[in-house]
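In what follows, a structure is listed as structure tokens, so that the remarks can point back to it.
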Amino acid sequence: MLVTRMIGLWSYEGVGAYAGTCYAYPEGFEYDDYFTFARIMSILTSIIGGICAILLFTSVFVGFNRATFVSIAMGLFVTMVLESLTLLVFKSDFCNTPYELEKIGISVRCEHAWGSQSDIFASLLWFCTFLSVCLIRPPPADDVFTDTGSNVIIIHQTEIRSNDQDLTTPLVDNGQSSATEKVLV
């Protein structure tokens with residue numbers, strides 16, 4: 001007799017007449033090391049991934065320096081690894097046939113349900129986000145744009161030239177300090 005279980009880190013699906021119903025693990029349920037490790041990785045994924053996501057959303061409104069983006073990228077990579085490690089739950093005793101059941105002819109196995117498939121997809125998304133943070137150069141955090149109301153925009157600490165401007169000609173200073181550069185638009 002083959003028993004297939006659909007398990008999750010926090011609940012499981014019933015078998016037989018109880019199929020299709022999710023149950024929380026009972027109070028006295030003993031988790032093995034793989035199961036406990038997978039649950040810890042799930043919690044850490046939520047915490048580290050959430051912090052990285054909040055920082056990325058904040059970066060739209062507040063400029064961060066390059067070191068902050070490198071830290072976010074490392075956090076995203078760690079999150080991807082932690083998300084992948086949650087799949088170690090399939091190596092737990094809960095998913096493998098105990099010796100006592102094998103003696104009476106019952107075989108137990110776990111299958112990937114929508115939760116584990118979403119873990120795999122989430123790992124891929126964390127990796128894509130990691131790559132995009134690494135490959136896309138963020139804007140400098142110290143750029144300040146000032147609109148003077150005319151056709152001149154003052155840009156602090158960054159040199160920008162229009163496409164039709166010759167790169168060999170110097171920028172016009174017009175009496176401003178050396179830290180401020182003017183660019184005609």
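FYI, nothing fancy with the structure tokens labels: chains A, B, ... in order, residues from 1 per chain, ligands from 1 as they appear.
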>> Neighbouring residues of Leu82 in chain A were defined as those with any atom within 10 Å, considering only C-alpha atoms; residues of the same chain fewer than 5 positions away were excluded. Please report them as a PyMOL selection string.
In response: chain A and resi 38+40-46+48-49+76-77+87+123
Output file for the residues above (N, CA, C and O atoms, as a PDB file, in the first residue's frame):
```
ATOM      1  N   ALA A  38      14.225  23.193   8.007  1.00  0.00           N
ATOM      2  CA  ALA A  38      13.423  23.775   6.932  1.00  0.00           C
ATOM      3  C   ALA A  38      12.499  24.866   7.468  1.00  0.00           C
ATOM      4  O   ALA A  38      12.324  25.917   6.834  1.00  0.00           O
ATOM      5  N   ILE A  40      13.060  26.742  10.157  1.00  0.00           N
ATOM      6  CA  ILE A  40      13.908  27.888  10.504  1.00  0.00           C
ATOM      7  C   ILE A  40      14.294  28.658   9.243  1.00  0.00           C
ATOM      8  O   ILE A  40      14.279  29.896   9.224  1.00  0.00           O
ATOM      9  N   MET A  41      14.624  27.935   8.174  1.00  0.00           N
ATOM     10  CA  MET A  41      14.976  28.605   6.915  1.00  0.00           C
ATOM     11  C   MET A  41      13.791  29.403   6.366  1.00  0.00           C
ATOM     12  O   MET A  41      13.957  30.479   5.812  1.00  0.00           O
ATOM     13  N   SER A  42      12.594  28.883   6.567  1.00  0.00           N
ATOM     14  CA  SER A  42      11.393  29.586   6.127  1.00  0.00           C
ATOM     15  C   SER A  42      11.224  30.913   6.860  1.00  0.00           C
ATOM     16  O   SER A  42      10.907  31.942   6.255  1.00  0.00           O
ATOM     17  N   ILE A  43      11.454  30.899   8.148  1.00  0.00           N
ATOM     18  CA  ILE A  43      11.325  32.121   8.948  1.00  0.00           C
ATOM     19  C   ILE A  43      12.411  33.126   8.556  1.00  0.00           C
ATOM     20  O   ILE A  43      12.136  34.318   8.363  1.00  0.00           O
ATOM     21  N   LEU A  44      13.652  32.654   8.414  1.00  0.00           N
ATOM     22  CA  LEU A  44      14.747  33.553   8.031  1.00  0.00           C
ATOM     23  C   LEU A  44      14.549  34.130   6.633  1.00  0.00           C
ATOM     24  O   LEU A  44      14.884  35.294   6.378  1.00  0.00           O
ATOM     25  N   THR A  45      13.987  33.327   5.728  1.00  0.00           N
ATOM     26  CA  THR A  45      13.691  33.824   4.383  1.00  0.00           C
ATOM     27  C   THR A  45      12.725  34.989   4.445  1.00  0.00           C
ATOM     28  O   THR A  45      12.924  36.013   3.780  1.00  0.00           O
ATOM     29  N   SER A  46      11.699  34.855   5.261  1.00  0.00           N
ATOM     30  CA  SER A  46      10.711  35.930   5.383  1.00  0.00           C
ATOM     31  C   SER A  46      11.323  37.196   5.965  1.00  0.00           C
ATOM     32  O   SER A  46      11.043  38.305   5.501  1.00  0.00           O
ATOM     33  N   ILE A  48      14.747  38.174   6.196  1.00  0.00           N
ATOM     34  CA  ILE A  48      15.801  38.789   5.367  1.00  0.00           C
ATOM     35  C   ILE A  48      15.226  39.271   4.036  1.00  0.00           C
ATOM     36  O   ILE A  48      15.528  40.375   3.584  1.00  0.00           O
ATOM     37  N   GLY A  49      14.384  38.468   3.407  1.00  0.00           N
ATOM     38  CA  GLY A  49      13.768  38.881   2.152  1.00  0.00           C
ATOM     39  C   GLY A  49      12.873  40.089   2.324  1.00  0.00           C
ATOM     40  O   GLY A  49      12.838  40.979   1.464  1.00  0.00           O
ATOM     41  N   LEU A  76      19.812  39.445  -0.789  1.00  0.00           N
ATOM     42  CA  LEU A  76      18.953  38.745  -1.751  1.00  0.00           C
ATOM     43  C   LEU A  76      19.513  37.374  -2.107  1.00  0.00           C
ATOM     44  O   LEU A  76      18.763  36.396  -2.243  1.00  0.00           O
ATOM     45  N   PHE A  77      20.837  37.278  -2.227  1.00  0.00           N
ATOM     46  CA  PHE A  77      21.442  35.984  -2.525  1.00  0.00           C
ATOM     47  C   PHE A  77      21.244  35.020  -1.351  1.00  0.00           C
ATOM     48  O   PHE A  77      20.892  33.851  -1.548  1.00  0.00           O
ATOM     49  N   LEU A  87      13.272  23.298   1.072  1.00  0.00           N
ATOM     50  CA  LEU A  87      12.875  22.046   0.429  1.00  0.00           C
ATOM     51  C   LEU A  87      13.515  20.817   1.081  1.00  0.00           C
ATOM     52  O   LEU A  87      13.188  19.685   0.723  1.00  0.00           O
ATOM     53  N   SER A 123      12.461  31.016  -5.235  1.00  0.00           N
ATOM     54  CA  SER A 123      13.928  30.988  -5.291  1.00  0.00           C
ATOM     55  C   SER A 123      14.425  31.582  -6.601  1.00  0.00           C
ATOM     56  O   SER A 123      15.398  32.347  -6.616  1.00  0.00           O
TER      57      SER A 123
END
```
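Selecting strand (DSSP E or B) from the backbone DSSP output for range 6-119 of chain A yields Ile7, Ser11, Tyr12, Glu13, Gly14, Ala19, Cys22, Tyr23, Ala24, Ser107, Val108, Arg109 and Cys110 of chain A.
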Give me a file of those residues, with N, CA, C and O atoms, as a PDB file, in the first residue's frame.
```pdb
ATOM      1  N   ILE A   7       2.531  17.586   2.297  1.00  0.00           N
ATOM      2  CA  ILE A   7       2.892  18.210   3.563  1.00  0.00           C
ATOM      3  C   ILE A   7       3.327  19.649   3.326  1.00  0.00           C
ATOM      4  O   ILE A   7       3.706  20.037   2.231  1.00  0.00           O
ATOM      5  N   SER A  11       1.544  22.782   8.176  1.00  0.00           N
ATOM      6  CA  SER A  11       0.360  21.928   8.200  1.00  0.00           C
ATOM      7  C   SER A  11       0.521  20.822   7.152  1.00  0.00           C
ATOM      8  O   SER A  11       1.466  20.838   6.373  1.00  0.00           O
ATOM      9  N   TYR A  12      -0.403  19.877   7.158  1.00  0.00           N
ATOM     10  CA  TYR A  12      -0.353  18.778   6.203  1.00  0.00           C
ATOM     11  C   TYR A  12      -1.770  18.457   5.737  1.00  0.00           C
ATOM     12  O   TYR A  12      -2.752  18.812   6.387  1.00  0.00           O
ATOM     13  N   GLU A  13      -1.865  17.775   4.596  1.00  0.00           N
ATOM     14  CA  GLU A  13      -3.161  17.374   4.075  1.00  0.00           C
ATOM     15  C   GLU A  13      -3.481  15.971   4.567  1.00  0.00           C
ATOM     16  O   GLU A  13      -2.608  15.097   4.614  1.00  0.00           O
ATOM     17  N   GLY A  14      -4.722  15.766   4.929  1.00  0.00           N
ATOM     18  CA  GLY A  14      -5.146  14.452   5.385  1.00  0.00           C
ATOM     19  C   GLY A  14      -5.107  13.437   4.245  1.00  0.00           C
ATOM     20  O   GLY A  14      -5.046  13.796   3.072  1.00  0.00           O
ATOM     21  N   ALA A  19      -8.686  13.415   2.774  1.00  0.00           N
ATOM     22  CA  ALA A  19      -7.923  14.089   1.721  1.00  0.00           C
ATOM     23  C   ALA A  19      -8.603  15.408   1.355  1.00  0.00           C
ATOM     24  O   ALA A  19      -9.825  15.513   1.332  1.00  0.00           O
ATOM     25  N   CYS A  22      -6.697  20.379   5.287  1.00  0.00           N
ATOM     26  CA  CYS A  22      -5.399  20.662   5.914  1.00  0.00           C
ATOM     27  C   CYS A  22      -5.529  20.644   7.423  1.00  0.00           C
ATOM     28  O   CYS A  22      -6.517  21.124   7.981  1.00  0.00           O
ATOM     29  N   TYR A  23      -4.519  20.092   8.060  1.00  0.00           N
ATOM     30  CA  TYR A  23      -4.490  19.990   9.515  1.00  0.00           C
ATOM     31  C   TYR A  23      -3.176  20.544  10.027  1.00  0.00           C
ATOM     32  O   TYR A  23      -2.120  20.325   9.430  1.00  0.00           O
ATOM     33  N   ALA A  24      -3.245  21.237  11.141  1.00  0.00           N
ATOM     34  CA  ALA A  24      -2.020  21.690  11.811  1.00  0.00           C
ATOM     35  C   ALA A  24      -1.387  20.480  12.467  1.00  0.00           C
ATOM     36  O   ALA A  24      -2.067  19.519  12.849  1.00  0.00           O
ATOM     37  N   SER A 107       4.102   1.965   2.283  1.00  0.00           N
ATOM     38  CA  SER A 107       5.171   2.838   1.820  1.00  0.00           C
ATOM     39  C   SER A 107       4.674   4.285   1.860  1.00  0.00           C
ATOM     40  O   SER A 107       3.561   4.576   1.429  1.00  0.00           O
ATOM     41  N   VAL A 108       5.475   5.169   2.407  1.00  0.00           N
ATOM     42  CA  VAL A 108       5.097   6.575   2.554  1.00  0.00           C
ATOM     43  C   VAL A 108       6.028   7.425   1.713  1.00  0.00           C
ATOM     44  O   VAL A 108       7.246   7.228   1.705  1.00  0.00           O
ATOM     45  N   ARG A 109       5.442   8.380   0.986  1.00  0.00           N
ATOM     46  CA  ARG A 109       6.266   9.334   0.263  1.00  0.00           C
ATOM     47  C   ARG A 109       5.546  10.678   0.224  1.00  0.00           C
ATOM     48  O   ARG A 109       4.323  10.748   0.352  1.00  0.00           O
ATOM     49  N   CYS A 110       6.300  11.742   0.038  1.00  0.00           N
ATOM     50  CA  CYS A 110       5.740  13.081  -0.076  1.00  0.00           C
ATOM     51  C   CYS A 110       5.927  13.563  -1.507  1.00  0.00           C
ATOM     52  O   CYS A 110       6.907  13.218  -2.170  1.00  0.00           O
TER      53      CYS A 110
END
```
> Which of these, A:Phe69, A:Tyr31, A:Phe90, A:Phe121, has the shortest distance to Cys134 in chain A once you count only C-alpha atoms?
Replying inline: A:Phe69
